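K.L.:
For reference, the structure I am asking about is given below.
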Protein chains: 2
Amino acid sequence: MAVGLGPLPTLHPVPGFELGIASAGIKRPGRKDVVVMRCAEGSTIAGVTTTNAFCAAPVLVTRERLEGDVRYLLTNTGNANAGTGPDGLVRARRACARLAELAGVDEAAVLPFSTGVIGEPLPVEKIEAALPAALADLREDNWALAAEGIMTTDTQPKGASRQFEHDGVTVTITGISKGAGMIRPNMATMLGYIATNAKVARDVLHALVRDAANKSFNRITIDGDTSTNDCCMLIATGQAALPEITAASGELFAKLKQAVFDVFMEIAQAIVRDGEGATKFVTVQVNGGGNHQECLDVAYAVAHSPLIKTALFASDPNWGRILAAVGYAGVPNLDVSKIDVFLGEVCIASQGGRAASYTEAQGAAVMAREEITIRIELGRGDCSETIWTTDLSHEYVKINAEYRT
Amino acid sequence: MAVGLGPLPTLHPVPGFELGIASAGIKRPGRKDVVVMRCAEGSTIAGVTTTNAFCAAPVLVTRERLEGDVRYLLTNTGNANAGTGPDGLVRARRACARLAELAGVDEAAVLPFSTGVIGEPLPVEKIEAALPAALADLREDNWALAAEGIMTTDTQPKGASRQFEHDGVTVTITGISKGAGMIRPNMATMLGYIATNAKVARDVLHALVRDAANKSFNRITIDGDTSTNDCCMLIATGQAALPEITAASGELFAKLKQAVFDVFMEIAQAIVRDGEGATKFVTVQVNGGGNHQECLDVAYAVAHSPLIKTALFASDPNWGRILAAVGYAGVPNLDVSKIDVFLGEVCIASQGGRAASYTEAQGAAVMAREEITIRIELGRGDCSETIWTTDLSHEYVKINAEYRT
């Protein structure tokens, strides 16, 4: 049911970054559920992880090791290794240790990532048994299969790729992501891996992943549930024959930043387009706020309201529900007589009430579309924020009621 | 589909408080949609209203007049008169003025209440035309029909009644409520009217309605959407041959308070039991918090999570989703290793992980019930909070996707 999400675009290989896929049979025999990624020696890596206090065991291990020399990323689906206590940590480390042993690197050079059901013991033996096949499969042109290998309730693989030239050298940025439910990332996404062959100083890379995630993964929501396992990693292999990029690198830094932001945004929005049960791709834009937080508060109140989400599913321009959500978003001293609300290009509410020019037919025409923008003008200041979300359909209930059966 | 909500209990008449019902044909011809309530001269009244910044026109008028001498309450369903701007105020006042004229009282003695679709002009002519019939119908024993007359998407009328004796005099407290969706009251409910024949000083009555609403209507949530029209009114007619009750009235005050709290709780919980599409009545109890707010934050994170609500609908003991919600509730410095979670009497998570004693069969047995308690022990302090909510079913989506069709 993905909205406006076509087949995977061409995912250009990133020199120095290889991906290998295998089937460990974690949930179902034969399903690709283990992905190993190898970063060339000398790569830098930076990442952001979930703010959920119940973060999963692999997230804790990844956080410990992120500042070191990372060479491998090990991902499994079908089991989140979350809510598993000290035993979860033991199992996450054990899978990494086995991969390190097979690859001949330090155990601390392996970062673990897990996604799937919460609270079940990680079947670490199955993962260990699949590692030789994953290592044997490592190839730079394996992005598309890896995008499939990290899927859970996703209906389609998600990826994006950009290239630009600098001094005759091609710089590539390619990324993949997964996620369709339990999506309200906060400082991270469900899982996202983005690599470039540029050489980037670690502090610059860290600022880049934080800023890019903040404008993309941290601006999407499907059900308002922040996952225990969110992680987003940005790897720079440094294989491009260009000087190391710092914030002072001028044009080269600007080009890289733009391309990285584009890839992040495309794979973050792909998660919304493939949101569980989604039939609409909804942009909520809040302008005229006194500060960014109040814009976000209004945008998330609208994006999380089950009443608005069901009206979107029904293509019903029930704008009263939008006004109600703006009203309970908690903005201090909100002057409702200054608020305008637009559905697409149609002004539905003006100065806090139904717009004089508005007709149901206009609203219905916008609501019939698959991609809808709700724009709210607060009339309080100059700040704006934009987030992306989905509707709430019968299918969402069905998927999540039957997830474990 | 109401959960554990039987037919209306006996609603004892309250001397000095009459109710009259009529059909104005606001949404459908013949449906009871106008209710007039008359308070005997000398009654005191206190109320709480929505905190939504987009509060409806009748809420604004009621707030203005609540401190004066109130004699009539005029309620219509089918139209919320919200998001209607200055014209909405004109229409709300006009309906009150007509009732005041017919009844021979000051216009300011009439409080208006509306519930129904947001953003449509109030059909004030229809309401005016129905007023004579409603006035002619005024009777003290009309509570049950009035409970029907204030319904919108409610499947059942809601009411409760208590009586106690004091010095040989019977004190009665009877109340009705309506509401099934857009329910996350804040300082009020959708609509609630509770009357007593006790004589109560206005300041005492105000404290009573605030405290009672805070422990009942303000602790229920169905979809997290705070309505634009929430109002809860407590009327004391003073017809009982007893001295005026003040906070210093000792035993009499204590008896009244207990009976008022009981009625509030019963009709607030009735709203949850009749929640849109509800198949479960869910109590979320958070103990061991460092303060009340963090208990509420955790309770509402659990109660609003679509993932938990769909798991409840499916009777799936997916306790990992509960841990995840506790984890993102925003409690500062949460030590997850101190947290225990119980489903009914079954400990499902202990010290932040799956309880060693827990089996799926135990969880499934609790989840199969219609009434379920989720208890979370934070291990941080001595504060507790309890709220009540529902599951999220196919029927909820259906009701709200088709509300205006």
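Ordered as shown in the structure tokens, chains take letters A, B, and onward, while each chain numbers its residues from 1 and ligands are numbered from 1 in the order shown.
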For chain A, which residues have at least one atom within 6 Å of chain B, if we go by only C-alpha atoms? Write them as a PyMOL selection string, please.

P.N.:
chain A and resi 52-54+83-85+118-119+310-311+314+320+327-328+353+394+397+400-401

K.L.:
If you run DSSP over the backbone, which residues in region 153-396 of chain A end up strand (DSSP E or B)? Put them as number ranges by chain.

P.N.:
A: 158-166, 169-178, 191-196, 200, 220, 231-236, 245, 281-289, 340-343, 346-350, 353-354, 371-377, 383-390

K.L.:
Just to confirm, what's the straight-line distance from CA of Leu242 (chain B) to CA of Ala103 (chain B) in Å (one decimal)?

P.N.:
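Going from CA of Leu242 (chain B) over to CA of Ala103 (chain B) covers 28.7 Å.
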
K.L.:
Would you return as number ranges by chain the members of region 110-265 of chain B that DSSP assigns to alpha helix (DSSP H) on this structure's backbone?

P.N.:
B: 124-136, 143-149, 202-215, 251-265

K.L.:
If we count only C-alpha atoms and set the cut-off at 12 Å, which residues sit around Ile26 (chain B), ignoring sequence neighbours fewer than 3 positions away in its own chain? Please answer as a PDB file with N, CA and C atoms, in the first residue's frame.

P.N.:
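Written file, around13.pdb:
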```
ATOM      1  N   ALA B  22     -36.507  17.628  23.794  1.00  0.00           N
ATOM      2  CA  ALA B  22     -37.279  17.858  22.569  1.00  0.00           C
ATOM      3  C   ALA B  22     -36.461  17.460  21.348  1.00  0.00           C
ATOM      4  N   SER B  23     -37.128  17.400  20.220  1.00  0.00           N
ATOM      5  CA  SER B  23     -36.461  17.082  18.951  1.00  0.00           C
ATOM      6  C   SER B  23     -36.452  18.315  18.069  1.00  0.00           C
ATOM      7  N   PRO B  29     -34.339  14.145  11.559  1.00  0.00           N
ATOM      8  CA  PRO B  29     -35.676  14.423  12.090  1.00  0.00           C
ATOM      9  C   PRO B  29     -36.038  13.404  13.169  1.00  0.00           C
ATOM     10  N   GLY B  30     -36.680  13.863  14.221  1.00  0.00           N
ATOM     11  CA  GLY B  30     -37.220  12.948  15.221  1.00  0.00           C
ATOM     12  C   GLY B  30     -36.254  12.560  16.313  1.00  0.00           C
ATOM     13  N   ARG B  31     -34.956  12.817  16.124  1.00  0.00           N
ATOM     14  CA  ARG B  31     -33.981  12.451  17.160  1.00  0.00           C
ATOM     15  C   ARG B  31     -34.022  13.472  18.295  1.00  0.00           C
ATOM     16  N   LYS B  32     -33.987  12.992  19.537  1.00  0.00           N
ATOM     17  CA  LYS B  32     -33.928  13.901  20.681  1.00  0.00           C
ATOM     18  C   LYS B  32     -32.574  14.603  20.660  1.00  0.00           C
ATOM     19  N   ASP B  33     -32.565  15.908  20.479  1.00  0.00           N
ATOM     20  CA  ASP B  33     -31.295  16.605  20.352  1.00  0.00           C
ATOM     21  C   ASP B  33     -31.256  17.941  21.097  1.00  0.00           C
ATOM     22  N   VAL B  34     -32.316  18.253  21.826  1.00  0.00           N
ATOM     23  CA  VAL B  34     -32.309  19.464  22.649  1.00  0.00           C
ATOM     24  C   VAL B  34     -32.747  19.083  24.065  1.00  0.00           C
ATOM     25  N   ASN B  76     -27.629  21.355  23.050  1.00  0.00           N
ATOM     26  CA  ASN B  76     -28.025  20.718  21.796  1.00  0.00           C
ATOM     27  C   ASN B  76     -26.939  19.745  21.359  1.00  0.00           C
ATOM     28  N   THR B  77     -27.328  18.691  20.664  1.00  0.00           N
ATOM     29  CA  THR B  77     -26.355  17.797  20.035  1.00  0.00           C
ATOM     30  C   THR B  77     -26.464  17.959  18.527  1.00  0.00           C
ATOM     31  N   GLY B  78     -25.544  17.316  17.813  1.00  0.00           N
ATOM     32  CA  GLY B  78     -25.588  17.365  16.345  1.00  0.00           C
ATOM     33  C   GLY B  78     -24.766  18.484  15.759  1.00  0.00           C
ATOM     34  N   ASN B  79     -24.447  19.482  16.572  1.00  0.00           N
ATOM     35  CA  ASN B  79     -23.662  20.625  16.094  1.00  0.00           C
ATOM     36  C   ASN B  79     -22.921  21.218  17.285  1.00  0.00           C
ATOM     37  N   ALA B  80     -21.576  21.307  17.170  1.00  0.00           N
ATOM     38  CA  ALA B  80     -20.744  21.737  18.308  1.00  0.00           C
ATOM     39  C   ALA B  80     -20.631  23.253  18.414  1.00  0.00           C
ATOM     40  N   SER B 114     -23.102  22.821  23.526  1.00  0.00           N
ATOM     41  CA  SER B 114     -23.329  22.210  22.218  1.00  0.00           C
ATOM     42  C   SER B 114     -22.336  21.078  22.024  1.00  0.00           C
ATOM     43  N   THR B 115     -22.723  20.064  21.285  1.00  0.00           N
ATOM     44  CA  THR B 115     -21.812  18.964  20.959  1.00  0.00           C
ATOM     45  C   THR B 115     -22.230  18.373  19.627  1.00  0.00           C
ATOM     46  N   GLY B 116     -21.244  17.981  18.832  1.00  0.00           N
ATOM     47  CA  GLY B 116     -21.551  17.427  17.520  1.00  0.00           C
ATOM     48  C   GLY B 116     -20.464  17.822  16.543  1.00  0.00           C
ATOM     49  N   VAL B 117     -20.817  18.010  15.297  1.00  0.00           N
ATOM     50  CA  VAL B 117     -19.845  18.346  14.258  1.00  0.00           C
ATOM     51  C   VAL B 117     -19.267  19.733  14.508  1.00  0.00           C
ATOM     52  N   GLU B 120     -19.688  23.815  11.562  1.00  0.00           N
ATOM     53  CA  GLU B 120     -20.913  24.115  10.813  1.00  0.00           C
ATOM     54  C   GLU B 120     -21.691  25.169  11.594  1.00  0.00           C
ATOM     55  N   PRO B 121     -22.377  26.081  10.895  1.00  0.00           N
ATOM     56  CA  PRO B 121     -23.175  27.093  11.608  1.00  0.00           C
ATOM     57  C   PRO B 121     -24.267  26.418  12.454  1.00  0.00           C
ATOM     58  N   LEU B 122     -24.450  26.905  13.671  1.00  0.00           N
ATOM     59  CA  LEU B 122     -25.488  26.342  14.548  1.00  0.00           C
ATOM     60  C   LEU B 122     -26.870  26.650  13.972  1.00  0.00           C
ATOM     61  N   PRO B 123     -27.702  25.635  13.748  1.00  0.00           N
ATOM     62  CA  PRO B 123     -29.051  25.881  13.210  1.00  0.00           C
ATOM     63  C   PRO B 123     -29.968  26.418  14.314  1.00  0.00           C
ATOM     64  N   VAL B 124     -29.788  27.696  14.626  1.00  0.00           N
ATOM     65  CA  VAL B 124     -30.418  28.263  15.823  1.00  0.00           C
ATOM     66  C   VAL B 124     -31.942  28.340  15.688  1.00  0.00           C
ATOM     67  N   GLU B 125     -32.436  28.495  14.460  1.00  0.00           N
ATOM     68  CA  GLU B 125     -33.891  28.547  14.277  1.00  0.00           C
ATOM     69  C   GLU B 125     -34.529  27.224  14.700  1.00  0.00           C
ATOM     70  N   LYS B 126     -33.881  26.121  14.318  1.00  0.00           N
ATOM     71  CA  LYS B 126     -34.423  24.813  14.697  1.00  0.00           C
ATOM     72  C   LYS B 126     -34.459  24.654  16.211  1.00  0.00           C
ATOM     73  N   ILE B 127     -33.390  25.118  16.876  1.00  0.00           N
ATOM     74  CA  ILE B 127     -33.342  24.999  18.339  1.00  0.00           C
ATOM     75  C   ILE B 127     -34.432  25.862  18.968  1.00  0.00           C
ATOM     76  N   GLU B 128     -34.551  27.089  18.483  1.00  0.00           N
ATOM     77  CA  GLU B 128     -35.590  27.988  19.011  1.00  0.00           C
ATOM     78  C   GLU B 128     -36.977  27.357  18.885  1.00  0.00           C
ATOM     79  N   ALA B 129     -37.212  26.740  17.738  1.00  0.00           N
ATOM     80  CA  ALA B 129     -38.535  26.158  17.491  1.00  0.00           C
ATOM     81  C   ALA B 129     -38.837  24.998  18.440  1.00  0.00           C
ATOM     82  N   ALA B 130     -37.755  24.348  18.943  1.00  0.00           N
ATOM     83  CA  ALA B 130     -37.949  23.184  19.820  1.00  0.00           C
ATOM     84  C   ALA B 130     -38.088  23.571  21.288  1.00  0.00           C
ATOM     85  N   THR B 152     -24.237  11.682  21.233  1.00  0.00           N
ATOM     86  CA  THR B 152     -23.867  11.842  19.815  1.00  0.00           C
ATOM     87  C   THR B 152     -23.466  10.465  19.269  1.00  0.00           C
TER      88      THR B 152
END
```

K.L.:
Can you measure CA of Ala368 (chain B) to CA of Thr283 (chain B) for me? One decimal in Å is fine.

P.N.:
14.8 Å

K.L.:
Could you give me, as JSON lines, every region 151-253 of chain A residue with an atom at most 10 Å from region 58-75 of chain A, plus its closest atom pair and distance in Å to one decimal, counting only C-alpha atoms, rows ordered by chain then number?

P.N.:
```
{"residue": "A:Leu191", "atom": "CA", "partner": "A:Thr75", "partner_atom": "CA", "distance": 9.3}
{"residue": "A:Tyr193", "atom": "CA", "partner": "A:Leu73", "partner_atom": "CA", "distance": 9.4}
{"residue": "A:Arg202", "atom": "CA", "partner": "A:Glu67", "partner_atom": "CA", "distance": 9.0}
{"residue": "A:Thr228", "atom": "CA", "partner": "A:Val59", "partner_atom": "CA", "distance": 8.3}
{"residue": "A:Asn229", "atom": "CA", "partner": "A:Val59", "partner_atom": "CA", "distance": 6.3}
{"residue": "A:Asp230", "atom": "CA", "partner": "A:Val59", "partner_atom": "CA", "distance": 7.9}
{"residue": "A:Cys231", "atom": "CA", "partner": "A:Val59", "partner_atom": "CA", "distance": 7.4}
{"residue": "A:Met233", "atom": "CA", "partner": "A:Leu73", "partner_atom": "CA", "distance": 9.5}
{"residue": "A:Ile235", "atom": "CA", "partner": "A:Val70", "partner_atom": "CA", "distance": 9.5}
```

K.L.:
Write the selection just made, keeping N, CA, C and O atoms, as a PDB file, in the first residue's frame?

P.N.:
```
ATOM      1  N   LEU A 191      16.093   2.067  11.335  1.00  0.00           N
ATOM      2  CA  LEU A 191      17.468   1.762  10.971  1.00  0.00           C
ATOM      3  C   LEU A 191      17.771   2.476   9.665  1.00  0.00           C
ATOM      4  O   LEU A 191      16.977   2.421   8.727  1.00  0.00           O
ATOM      5  N   TYR A 193      21.313   3.357   7.102  1.00  0.00           N
ATOM      6  CA  TYR A 193      22.757   3.240   6.869  1.00  0.00           C
ATOM      7  C   TYR A 193      23.061   4.045   5.622  1.00  0.00           C
ATOM      8  O   TYR A 193      22.491   3.779   4.560  1.00  0.00           O
ATOM      9  N   ARG A 202      35.941  13.074  11.606  1.00  0.00           N
ATOM     10  CA  ARG A 202      34.894  12.473  12.424  1.00  0.00           C
ATOM     11  C   ARG A 202      33.951  13.518  13.047  1.00  0.00           C
ATOM     12  O   ARG A 202      32.729  13.320  13.095  1.00  0.00           O
ATOM     13  N   THR A 228      12.604   1.411  20.409  1.00  0.00           N
ATOM     14  CA  THR A 228      13.727   1.110  21.304  1.00  0.00           C
ATOM     15  C   THR A 228      15.014   0.881  20.534  1.00  0.00           C
ATOM     16  O   THR A 228      16.070   0.733  21.144  1.00  0.00           O
ATOM     17  N   ASN A 229      14.932   0.791  19.211  1.00  0.00           N
ATOM     18  CA  ASN A 229      16.074   0.317  18.427  1.00  0.00           C
ATOM     19  C   ASN A 229      16.580   1.289  17.370  1.00  0.00           C
ATOM     20  O   ASN A 229      17.482   0.961  16.615  1.00  0.00           O
ATOM     21  N   ASP A 230      15.982   2.494  17.311  1.00  0.00           N
ATOM     22  CA  ASP A 230      16.359   3.448  16.271  1.00  0.00           C
ATOM     23  C   ASP A 230      17.864   3.693  16.202  1.00  0.00           C
ATOM     24  O   ASP A 230      18.489   4.039  17.206  1.00  0.00           O
ATOM     25  N   CYS A 231      18.402   3.577  15.010  1.00  0.00           N
ATOM     26  CA  CYS A 231      19.810   3.914  14.784  1.00  0.00           C
ATOM     27  C   CYS A 231      19.979   4.419  13.367  1.00  0.00           C
ATOM     28  O   CYS A 231      19.349   3.895  12.436  1.00  0.00           O
ATOM     29  N   MET A 233      23.257   5.494  10.853  1.00  0.00           N
ATOM     30  CA  MET A 233      24.716   5.523  10.768  1.00  0.00           C
ATOM     31  C   MET A 233      25.172   6.145   9.450  1.00  0.00           C
ATOM     32  O   MET A 233      24.610   5.840   8.396  1.00  0.00           O
ATOM     33  N   ILE A 235      28.627   6.596   7.208  1.00  0.00           N
ATOM     34  CA  ILE A 235      29.996   6.082   7.099  1.00  0.00           C
ATOM     35  C   ILE A 235      30.703   6.794   5.946  1.00  0.00           C
ATOM     36  O   ILE A 235      30.150   6.922   4.855  1.00  0.00           O
TER      37      ILE A 235
END
```

K.L.:
Rounded to one decimal place, report the CA of Arg94 (chain A)-CA of Asp340 (chain B) distance in Å.

P.N.:
27.0 Å

K.L.:
What's the 10 Å shell around Met37 (chain A), counting only C-alpha atoms, without same-chain residues fewer than 4 positions away, as a PyMOL selection string?

P.N.:
chain A and resi 17-21+71-75+110-111+134-135+138-140+142-143+146+193
